[in-house]
>>> print(open('upload30.cif').read())   # mmCIF, C-alpha atoms
data_input
#
loop_
_atom_site.label_atom_id
_atom_site.label_comp_id
_atom_site.auth_asym_id
_atom_site.auth_seq_id
_atom_site.Cartn_x
_atom_site.Cartn_y
_atom_site.Cartn_z
CA MET A 15 -139.65 49.82 119.32
CA ALA A 16 -143.18 50.31 118.00
CA SER A 17 -141.91 50.70 114.44
CA GLY A 18 -140.00 47.41 114.79
CA ILE A 19 -143.15 45.58 115.93
CA PHE A 20 -145.15 47.02 113.02
CA ALA A 21 -142.39 45.98 110.61
CA ILE A 22 -142.53 42.41 111.95
CA LEU A 23 -146.34 42.37 111.64
CA ASP A 24 -146.05 43.69 108.10
CA ASP A 25 -143.58 40.90 107.23
CA ILE A 26 -145.92 38.32 108.76
CA SER A 27 -148.82 39.75 106.77
CA MET A 28 -146.87 39.56 103.52
CA LEU A 29 -145.80 35.99 104.34
CA MET A 30 -149.39 34.96 105.00
CA ASP A 31 -150.48 36.54 101.70
CA ASP A 32 -147.79 34.58 99.86
CA ILE A 33 -148.80 31.34 101.56
CA ALA A 34 -152.49 31.99 100.85
CA SER A 35 -151.93 32.66 97.14
CA MET A 36 -149.60 29.67 96.75
CA SER A 37 -152.02 27.43 98.67
CA LYS A 38 -154.84 28.45 96.35
CA LEU A 39 -152.72 27.55 93.31
CA ALA A 40 -151.56 24.24 94.81
CA THR A 41 -155.10 23.28 95.87
CA LYS A 42 -156.38 23.95 92.36
CA LYS A 43 -153.58 21.81 90.91
CA THR A 44 -154.31 18.84 93.20
CA ALA A 45 -158.12 19.07 93.01
CA SER A 46 -158.40 16.49 90.23
CA LEU A 47 -156.44 13.94 92.29
CA LEU A 48 -158.80 14.43 95.23
CA ALA A 49 -161.69 13.14 93.11
CA ASP A 50 -159.98 9.76 92.82
CA ASP A 51 -158.99 9.84 96.50
CA LEU A 52 -162.62 10.54 97.38
CA ALA A 53 -163.96 7.79 95.10
CA VAL A 54 -161.54 5.17 96.40
CA ASN A 55 -162.11 5.95 100.06
CA ALA A 56 -165.89 6.26 99.74
CA GLU A 57 -165.90 2.77 98.24
CA LYS A 58 -163.59 1.35 100.91
CA SER A 59 -165.61 2.93 103.74
CA THR A 60 -168.92 1.29 102.80
CA GLY A 61 -170.12 -2.23 103.58
CA PHE A 62 -169.87 -1.95 107.38
CA LEU A 63 -172.58 -1.93 110.00
CA ALA A 64 -174.07 1.55 110.35
CA SER A 65 -172.69 1.78 113.90
CA ARG A 66 -169.15 1.08 112.66
CA GLU A 67 -168.97 3.36 109.59
CA ILE A 68 -167.92 6.54 111.42
CA PRO A 69 -165.35 4.73 113.66
CA VAL A 70 -163.88 3.10 110.54
CA ILE A 71 -163.66 6.45 108.72
CA TRP A 72 -162.04 8.02 111.79
CA ALA A 73 -159.48 5.19 111.94
CA ILE A 74 -158.63 5.70 108.24
CA THR A 75 -158.45 9.48 108.77
CA LYS A 76 -155.94 9.05 111.60
CA GLY A 77 -153.93 6.72 109.37
CA SER A 78 -154.01 9.36 106.64
CA PHE A 79 -152.59 11.97 109.03
CA VAL A 80 -149.80 9.54 109.99
CA ASN A 81 -149.09 9.03 106.28
CA LYS A 82 -148.73 12.81 105.85
CA LEU A 83 -146.39 12.99 108.87
CA ILE A 84 -144.14 10.41 107.18
CA ILE A 85 -144.35 11.77 103.64
CA LEU A 86 -144.03 15.53 104.23
CA PRO A 87 -140.59 15.56 105.98
CA LEU A 88 -139.15 13.09 103.45
CA VAL A 89 -140.37 15.13 100.48
CA PHE A 90 -139.08 18.41 101.97
CA LEU A 91 -135.67 16.88 102.67
CA LEU A 92 -135.44 15.53 99.13
CA SER A 93 -136.61 18.86 97.74
CA TYR A 94 -133.91 20.72 99.68
CA TYR A 95 -130.95 18.37 99.22
CA TYR A 96 -131.83 16.52 96.00
CA PRO A 97 -134.38 18.69 94.15
CA ASN A 98 -133.92 16.83 90.86
CA VAL A 99 -135.14 13.61 92.50
CA ILE A 100 -138.59 15.17 92.96
CA LYS A 101 -139.01 15.39 89.18
CA TYR A 102 -138.30 11.69 88.78
CA ILE A 103 -140.59 10.74 91.67
CA LEU A 104 -143.32 12.84 90.05
CA LEU A 105 -142.74 11.08 86.73
CA VAL A 106 -142.91 7.66 88.42
CA GLY A 107 -146.12 8.82 90.08
CA GLY A 108 -147.47 9.82 86.66
CA ILE A 109 -146.68 6.34 85.33
CA TYR A 110 -148.47 4.77 88.30
CA LEU A 111 -151.53 7.03 87.88
CA SER A 112 -151.73 6.41 84.12
CA TYR A 113 -151.53 2.65 84.74
CA GLU A 114 -154.28 2.80 87.36
CA GLY A 115 -156.50 4.95 85.13
CA MET A 116 -156.09 2.86 81.98
CA HIS A 117 -156.34 -0.38 83.94
CA LYS A 118 -159.76 0.75 85.20
CA VAL A 119 -160.82 1.66 81.65
CA ILE A 120 -159.69 -1.71 80.29
CA GLU A 121 -161.42 -3.60 83.12
CA PHE A 122 -164.62 -1.64 82.43
CA VAL A 123 -164.48 -2.52 78.71
CA LYS A 124 -163.74 -6.19 79.50
CA ASN A 125 -166.70 -6.39 81.87
CA LYS A 126 -168.98 -4.85 79.23
CA ILE A 127 -167.81 -7.34 76.60
CA THR A 128 -168.00 -10.36 78.93
CA PRO A 129 -170.61 -9.54 81.59
CA SER A 130 -170.71 -13.15 82.79
CA ASN A 131 -167.13 -12.80 84.02
CA GLN A 132 -168.16 -9.76 86.03
CA SER A 133 -170.87 -11.71 87.85
CA ASP A 134 -168.36 -14.47 88.59
CA LEU A 135 -165.96 -11.88 90.01
CA LYS A 136 -168.70 -10.43 92.20
CA LYS A 137 -169.49 -13.87 93.59
CA GLU A 138 -165.80 -14.51 94.22
CA ASP A 139 -165.42 -11.14 95.96
CA ALA A 140 -168.49 -11.79 98.08
CA LEU A 141 -166.90 -15.00 99.37
CA LYS A 142 -163.71 -13.18 100.36
CA GLU A 143 -164.94 -11.42 103.47
CA LEU A 144 -162.32 -9.16 105.00
CA ASP A 145 -162.49 -8.14 108.64
CA GLU A 146 -162.67 -4.50 109.63
CA SER A 147 -159.00 -4.10 110.51
CA THR A 148 -157.91 -5.54 107.15
CA LYS A 149 -160.14 -3.11 105.24
CA ILE A 150 -158.83 -0.19 107.27
CA LYS A 151 -155.23 -1.26 106.60
CA SER A 152 -155.94 -1.53 102.87
CA ALA A 153 -157.54 1.93 102.80
CA ILE A 154 -154.57 3.49 104.64
CA GLN A 155 -152.11 1.86 102.21
CA THR A 156 -154.05 3.28 99.25
CA ASP A 157 -154.14 6.66 100.96
CA PHE A 158 -150.34 6.55 101.34
CA ILE A 159 -149.82 6.22 97.58
CA LEU A 160 -152.32 8.96 96.73
CA SER A 161 -150.89 11.20 99.46
CA ILE A 162 -147.44 10.99 97.89
CA GLU A 163 -148.90 12.20 94.61
CA ILE A 164 -150.88 15.01 96.25
CA VAL A 165 -147.85 16.24 98.20
CA ILE A 166 -145.47 16.11 95.23
CA ILE A 167 -147.92 17.76 92.83
CA ALA A 168 -148.62 20.48 95.40
CA LEU A 169 -144.85 20.91 95.86
CA SER A 170 -144.33 21.17 92.10
CA THR A 171 -146.49 24.33 92.05
CA VAL A 172 -144.26 26.08 94.62
CA ILE A 173 -140.90 24.50 93.81
CA ASP A 174 -139.42 27.90 92.88
CA GLN A 175 -140.50 29.50 96.17
CA PRO A 176 -138.37 29.72 99.36
CA LEU A 177 -138.34 26.60 101.55
CA HIS A 178 -140.54 28.10 104.29
CA ILE A 179 -143.23 28.92 101.69
CA GLN A 180 -142.99 25.37 100.33
CA ILE A 181 -143.36 23.82 103.79
CA ALA A 182 -146.31 26.01 104.82
CA THR A 183 -148.16 25.67 101.51
CA VAL A 184 -147.73 21.94 100.96
CA SER A 185 -148.51 21.12 104.62
CA PHE A 186 -151.69 23.21 104.42
CA VAL A 187 -152.80 21.45 101.21
CA ALA A 188 -152.03 18.00 102.68
CA ILE A 189 -154.02 18.65 105.85
CA LEU A 190 -156.88 20.25 103.91
CA ALA A 191 -156.98 17.23 101.58
CA THR A 192 -157.30 14.79 104.47
CA ILE A 193 -159.99 16.78 106.30
CA GLY A 194 -161.90 17.53 103.09
CA VAL A 195 -161.82 14.04 101.61
CA TYR A 196 -162.73 12.12 104.75
CA GLY A 197 -165.29 14.71 105.83
CA ILE A 198 -167.10 14.25 102.51
CA VAL A 199 -166.67 10.46 102.73
CA ALA A 200 -168.38 10.52 106.14
CA LEU A 201 -171.32 12.43 104.64
CA ILE A 202 -171.56 10.08 101.67
CA VAL A 203 -171.55 6.81 103.62
CA ARG A 204 -174.21 8.15 106.00
CA MET A 205 -176.42 9.31 103.15
CA ASP A 206 -178.52 6.15 103.05
CA ASP A 207 -178.81 6.03 106.86
CA PHE A 208 -180.19 9.56 106.87
CA GLY A 209 -182.56 8.51 104.09
CA PHE A 210 -183.81 5.51 106.09
CA LEU A 211 -184.27 7.79 109.10
CA LEU A 212 -186.45 10.16 107.05
CA LEU A 213 -188.48 7.22 105.73
CA LYS A 214 -188.96 5.87 109.25
CA LYS A 215 -190.10 9.17 110.77
CA SER A 216 -192.23 10.48 107.90
CA LYS A 217 -195.49 9.49 106.30
CA ARG A 218 -195.33 7.41 103.16
CA LYS A 219 -196.34 10.17 100.69
CA SER A 220 -194.77 13.14 102.43
CA PHE A 221 -191.95 15.27 101.00
CA ALA A 222 -189.54 13.97 103.66
CA SER A 223 -190.35 10.41 102.62
CA LYS A 224 -189.53 11.20 98.99
CA VAL A 225 -186.24 12.81 100.03
CA GLY A 226 -185.37 9.80 102.16
CA SER A 227 -186.12 7.40 99.32
CA LEU A 228 -184.01 9.52 96.95
CA LEU A 229 -181.02 9.53 99.32
CA VAL A 230 -181.16 5.74 99.68
CA LYS A 231 -181.24 5.29 95.89
CA LEU A 232 -178.53 7.91 95.28
CA LEU A 233 -175.75 6.33 97.39
CA PRO A 234 -174.67 3.59 94.93
CA MET A 235 -175.02 6.04 92.02
CA VAL A 236 -172.88 8.66 93.79
CA ILE A 237 -170.14 6.13 94.50
CA LYS A 238 -170.27 4.90 90.89
CA ALA A 239 -170.14 8.49 89.58
CA LEU A 240 -167.17 9.25 91.83
CA SER A 241 -165.41 6.18 90.48
CA ILE A 242 -165.88 7.40 86.89
CA ILE A 243 -164.78 10.94 87.79
CA GLY A 244 -161.80 9.53 89.65
CA THR A 245 -160.72 7.46 86.64
CA ILE A 246 -160.89 10.51 84.37
CA ALA A 247 -158.95 12.47 86.99
CA LEU A 248 -156.20 9.84 87.07
CA ILE A 249 -155.76 10.05 83.30
CA LEU A 250 -155.83 13.87 83.27
CA VAL A 251 -153.31 14.23 86.12
CA SER A 252 -150.94 11.67 84.62
CA GLY A 253 -151.19 13.39 81.22
CA GLY A 254 -150.34 16.72 82.84
CA ILE A 255 -147.31 15.19 84.56
CA PHE A 256 -146.05 13.70 81.29
CA ILE A 257 -146.48 17.02 79.47
CA HIS A 258 -144.62 18.96 82.18
CA SER A 259 -141.91 16.28 82.16
CA HIS A 260 -141.31 17.20 78.50
CA LEU A 261 -142.07 13.74 77.14
CA TYR A 262 -142.93 13.32 73.47
CA ILE A 263 -146.20 14.95 72.38
CA PRO A 264 -147.61 14.18 68.89
CA GLU A 265 -147.75 17.27 66.68
CA ILE A 266 -151.45 16.73 65.96
CA ILE A 267 -152.47 17.49 69.56
CA LYS A 268 -149.93 20.19 70.50
CA ASP A 269 -152.34 23.04 69.73
CA MET A 270 -155.33 21.47 71.50
CA PRO A 271 -156.75 22.96 74.73
CA ASP A 272 -154.81 21.73 77.79
CA ILE A 273 -157.58 19.51 79.15
CA PHE A 274 -157.91 17.56 75.87
CA LYS A 275 -154.15 17.40 75.43
CA GLU A 276 -153.64 16.06 78.97
CA PHE A 277 -156.41 13.48 78.55
CA ILE A 278 -155.08 12.18 75.22
CA ILE A 279 -151.48 12.03 76.49
CA GLY A 280 -152.69 10.24 79.64
CA LEU A 281 -154.52 7.70 77.48
CA LEU A 282 -151.59 7.17 75.11
CA TYR A 283 -148.87 6.75 77.73
CA GLY A 284 -151.24 4.86 80.02
CA THR A 285 -151.92 2.33 77.27
CA VAL A 286 -148.17 1.88 76.70
CA VAL A 287 -147.58 1.43 80.45
CA VAL A 288 -150.38 -1.16 80.74
CA ILE A 289 -149.05 -3.11 77.74
CA ILE A 290 -145.50 -3.13 79.17
CA ILE A 291 -146.55 -4.12 82.71
CA GLU A 292 -149.20 -6.67 81.75
CA GLY A 293 -146.96 -8.05 79.01
CA GLY A 294 -144.08 -8.34 81.47
CA ILE A 295 -146.27 -10.20 83.97
CA ALA A 296 -147.54 -12.59 81.27
CA LEU A 297 -143.99 -13.22 80.03
CA TRP A 298 -142.73 -13.88 83.56
CA LYS A 299 -145.47 -16.44 84.12
CA LYS A 300 -144.31 -18.29 80.99
CA VAL A 301 -140.55 -18.23 81.59
CA ARG A 302 -140.34 -18.38 85.41
CA PRO A 303 -138.36 -21.37 86.73
CA LYS A 304 -140.25 -24.56 87.48
CA GLY A 305 -141.14 -24.94 91.12
CA TYR A 306 -141.11 -21.16 91.65
CA ILE A 307 -143.44 -20.41 94.55
CA THR A 308 -145.92 -17.56 94.19
CA THR A 309 -148.44 -16.14 96.63
CA ASN A 310 -151.29 -16.46 94.10
#
>>> encode(input="upload30.cif", output="structure tokens")
Amino acid sequence: MASGIFAILDDISMLMDDIASMSKLATKKTASLLADDLAVNAEKSTGFLASREIPVIWAITKGSFVNKLIILPLVFLLSYYYPNVIKYILLVGGIYLSYEGMHKVIEFVKNKITPSNQSDLKKEDALKELDESTKIKSAIQTDFILSIEIVIIALSTVIDQPLHIQIATVSFVAILATIGVYGIVALIVRMDDFGFLLLKKSKRKSFASKVGSLLVKLLPMVIKALSIIGTIALILVSGGIFIHSHLYIPEIIKDMPDIFKEFIIGLLYGTVVVIIIEGGIALWKKVRPKGYITTN
């Protein structure tokens, strides 16, 4: 009897070791995506009254957990019954990520070339005030798309493992991603409030006052830095997906280090995707039937 119990405990211990090692690998693989997730959600969680920032982040966090509850069972079912579909979903996700990354790069270049357009866009955006519930809904929708990518990329690292290892590992990574991202977002959006508090309670030339002033100034720079890091992450992740999907790789970059190879492939395929999508939209606008009603 005792030997049977010890055997069960030993099996559980081995299972936990397998899950821990696989979770570490999957977390490392999805880490680059989390930078974009963090940047997007930090940006979407700012601009509210200080008293509403934490409730808004909590509402988005709950929506993120609901997203995971929808995505995880669907992905596991597909993985079990139609495993080949996962590869195509991952490739579609890579196309989406490369488009998003290159679209951000192109928009950045456009705004640098024509800065007056950027100011006009800012004025236009300022006039389009969205209520709190609309912003929360938008953030949850964005989280849904990024969550699909995180779950599938995490699954791709353990696709050769037994189903119970896949479920435990990917679920752990998904939950960790939600808690980690929105926990950091909460700290970021409260950074300036903590800075103002230090300024209020300290003397003008004290160390606390300097720290408070620094925190207030850092917030917009941190969000901007996260946006840049997130864009690079999108291109790197998409490049990695394309490489692992065995798409064409130019001979000149085949022997490069992985990070450079992934970045270049992400840029190349991302540019092609942007040209196809933007060209298709422009063509449709020219040839669409007269009287066709659009929402724009």
>>> resolve_selection(input="upload30.cif", expression="the PyMOL selection byres ((chain A and resi 71) around 9)", output="list in words")
Asn55, Ser59, Arg66, Glu67, Ile68, Pro69, Val70, Trp72, Ala73, Ile74, Thr75, Lys76, Ile150, Tyr196, Gly197, Val199 and Ala200 of chain A
>>> resolve_selection(input="upload30.cif", expression="the PyMOL selection byres ((chain A and resi 110) around 10)", output="list in words")
Leu104, Leu105, Val106, Gly107, Gly108, Ile109, Leu111, Ser112, Tyr113, Glu114, Gly115, Ile159, Glu163, Leu248, Ser252, Gly284, Val287 and Val288 of chain A
>>> closest_residue(input="upload30.cif", among="A:Ser170, A:Gly254, A:Val123, A:Gln155", to="Val89 (chain A)", atoms="all atoms listed in the file")
A:Ser170
>>> resolve_selection(input="upload30.cif", expression="the PyMOL selection byres ((chain A and resi 189) around 12)", output="VMD selection string")
chain A and resid 37 41 75 to 76 78 to 83 86 161 164 to 165 168 182 to 188 190 to 197
>>> atom_distance(input="upload30.cif", atom1="CA of Leu91 (chain A)", atom2="CA of Ile249 (chain A)")
28.7 Å
>>> atom_distance(input="upload30.cif", atom1="CA of Leu169 (chain A)", atom2="CA of Tyr96 (chain A)")
13.7 Å
>>> build_atoms(input="upload30.cif", residues="region 100-123 of chain A", atoms="N, CA, C and O atoms", output="mmCIF file, keeping the file's coordinate frame")
data_model
loop_
_atom_site.group_PDB
_atom_site.id
_atom_site.type_symbol
_atom_site.label_atom_id
_atom_site.label_comp_id
_atom_site.auth_asym_id
_atom_site.auth_seq_id
_atom_site.Cartn_x
_atom_site.Cartn_y
_atom_site.Cartn_z
ATOM 1 N N ILE A 100 -137.158 14.924 92.914
ATOM 2 C CA ILE A 100 -138.590 15.170 92.960
ATOM 3 C C ILE A 100 -139.215 15.003 91.571
ATOM 4 O O ILE A 100 -140.303 14.438 91.419
ATOM 5 N N LYS A 101 -138.501 15.485 90.551
ATOM 6 C CA LYS A 101 -139.010 15.390 89.180
ATOM 7 C C LYS A 101 -139.191 13.933 88.765
ATOM 8 O O LYS A 101 -140.179 13.570 88.124
ATOM 9 N N TYR A 102 -138.224 13.095 89.150
ATOM 10 C CA TYR A 102 -138.300 11.690 88.780
ATOM 11 C C TYR A 102 -139.382 10.958 89.581
ATOM 12 O O TYR A 102 -140.078 10.087 89.048
ATOM 13 N N ILE A 103 -139.523 11.331 90.852
ATOM 14 C CA ILE A 103 -140.590 10.740 91.670
ATOM 15 C C ILE A 103 -141.950 11.112 91.088
ATOM 16 O O ILE A 103 -142.866 10.291 91.006
ATOM 17 N N LEU A 104 -142.070 12.379 90.652
ATOM 18 C CA LEU A 104 -143.320 12.840 90.050
ATOM 19 C C LEU A 104 -143.606 12.072 88.764
ATOM 20 O O LEU A 104 -144.751 11.683 88.503
ATOM 21 N N LEU A 105 -142.571 11.822 87.967
ATOM 22 C CA LEU A 105 -142.740 11.080 86.730
ATOM 23 C C LEU A 105 -143.158 9.629 87.009
ATOM 24 O O LEU A 105 -144.048 9.088 86.340
ATOM 25 N N VAL A 106 -142.526 9.013 88.018
ATOM 26 C CA VAL A 106 -142.910 7.660 88.420
ATOM 27 C C VAL A 106 -144.364 7.650 88.896
ATOM 28 O O VAL A 106 -145.137 6.730 88.579
ATOM 29 N N GLY A 107 -144.735 8.690 89.631
ATOM 30 C CA GLY A 107 -146.120 8.820 90.080
ATOM 31 C C GLY A 107 -147.072 8.938 88.896
ATOM 32 O O GLY A 107 -148.162 8.354 88.901
ATOM 33 N N GLY A 108 -146.654 9.696 87.865
ATOM 34 C CA GLY A 108 -147.470 9.820 86.660
ATOM 35 C C GLY A 108 -147.663 8.478 85.968
ATOM 36 O O GLY A 108 -148.754 8.158 85.490
ATOM 37 N N ILE A 109 -146.597 7.680 85.927
ATOM 38 C CA ILE A 109 -146.680 6.340 85.330
ATOM 39 C C ILE A 109 -147.663 5.480 86.116
ATOM 40 O O ILE A 109 -148.507 4.773 85.540
ATOM 41 N N TYR A 110 -147.560 5.547 87.453
ATOM 42 C CA TYR A 110 -148.470 4.770 88.300
ATOM 43 C C TYR A 110 -149.926 5.203 88.071
ATOM 44 O O TYR A 110 -150.823 4.365 87.902
ATOM 45 N N LEU A 111 -150.171 6.523 88.052
ATOM 46 C CA LEU A 111 -151.530 7.030 87.880
ATOM 47 C C LEU A 111 -152.091 6.666 86.507
ATOM 48 O O LEU A 111 -153.266 6.306 86.383
ATOM 49 N N SER A 112 -151.259 6.759 85.465
ATOM 50 C CA SER A 112 -151.730 6.410 84.120
ATOM 51 C C SER A 112 -152.061 4.927 84.036
ATOM 52 O O SER A 112 -153.040 4.535 83.392
ATOM 53 N N TYR A 113 -151.246 4.094 84.713
ATOM 54 C CA TYR A 113 -151.530 2.650 84.740
ATOM 55 C C TYR A 113 -152.850 2.380 85.448
ATOM 56 O O TYR A 113 -153.685 1.612 84.945
ATOM 57 N N GLU A 114 -153.044 3.006 86.612
ATOM 58 C CA GLU A 114 -154.280 2.800 87.360
ATOM 59 C C GLU A 114 -155.494 3.252 86.541
ATOM 60 O O GLU A 114 -156.510 2.561 86.489
ATOM 61 N N GLY A 115 -155.384 4.425 85.912
ATOM 62 C CA GLY A 115 -156.500 4.950 85.130
ATOM 63 C C GLY A 115 -156.841 4.062 83.952
ATOM 64 O O GLY A 115 -158.011 3.694 83.752
ATOM 65 N N MET A 116 -155.832 3.688 83.148
ATOM 66 C CA MET A 116 -156.090 2.860 81.980
ATOM 67 C C MET A 116 -156.488 1.447 82.363
ATOM 68 O O MET A 116 -157.271 0.803 81.658
ATOM 69 N N HIS A 117 -155.955 0.962 83.480
ATOM 70 C CA HIS A 117 -156.340 -0.380 83.940
ATOM 71 C C HIS A 117 -157.825 -0.409 84.280
ATOM 72 O O HIS A 117 -158.527 -1.382 83.963
ATOM 73 N N LYS A 118 -158.331 0.665 84.893
ATOM 74 C CA LYS A 118 -159.760 0.750 85.200
ATOM 75 C C LYS A 118 -160.596 0.810 83.925
ATOM 76 O O LYS A 118 -161.652 0.187 83.830
ATOM 77 N N VAL A 119 -160.113 1.564 82.936
ATOM 78 C CA VAL A 119 -160.820 1.660 81.650
ATOM 79 C C VAL A 119 -160.884 0.298 80.975
ATOM 80 O O VAL A 119 -161.938 -0.130 80.491
ATOM 81 N N ILE A 120 -159.755 -0.405 80.942
ATOM 82 C CA ILE A 120 -159.690 -1.710 80.290
ATOM 83 C C ILE A 120 -160.583 -2.718 81.015
ATOM 84 O O ILE A 120 -161.294 -3.507 80.379
ATOM 85 N N GLU A 121 -160.571 -2.694 82.353
ATOM 86 C CA GLU A 121 -161.420 -3.600 83.120
ATOM 87 C C GLU A 121 -162.893 -3.316 82.844
ATOM 88 O O GLU A 121 -163.701 -4.236 82.725
ATOM 89 N N PHE A 122 -163.240 -2.033 82.724
ATOM 90 C CA PHE A 122 -164.620 -1.640 82.430
ATOM 91 C C PHE A 122 -165.044 -2.186 81.064
ATOM 92 O O PHE A 122 -166.135 -2.748 80.915
ATOM 93 N N VAL A 123 -164.180 -2.033 80.063
ATOM 94 C CA VAL A 123 -164.480 -2.520 78.710
ATOM 95 C C VAL A 123 -164.603 -4.042 78.716
ATOM 96 O O VAL A 123 -165.521 -4.613 78.106
#
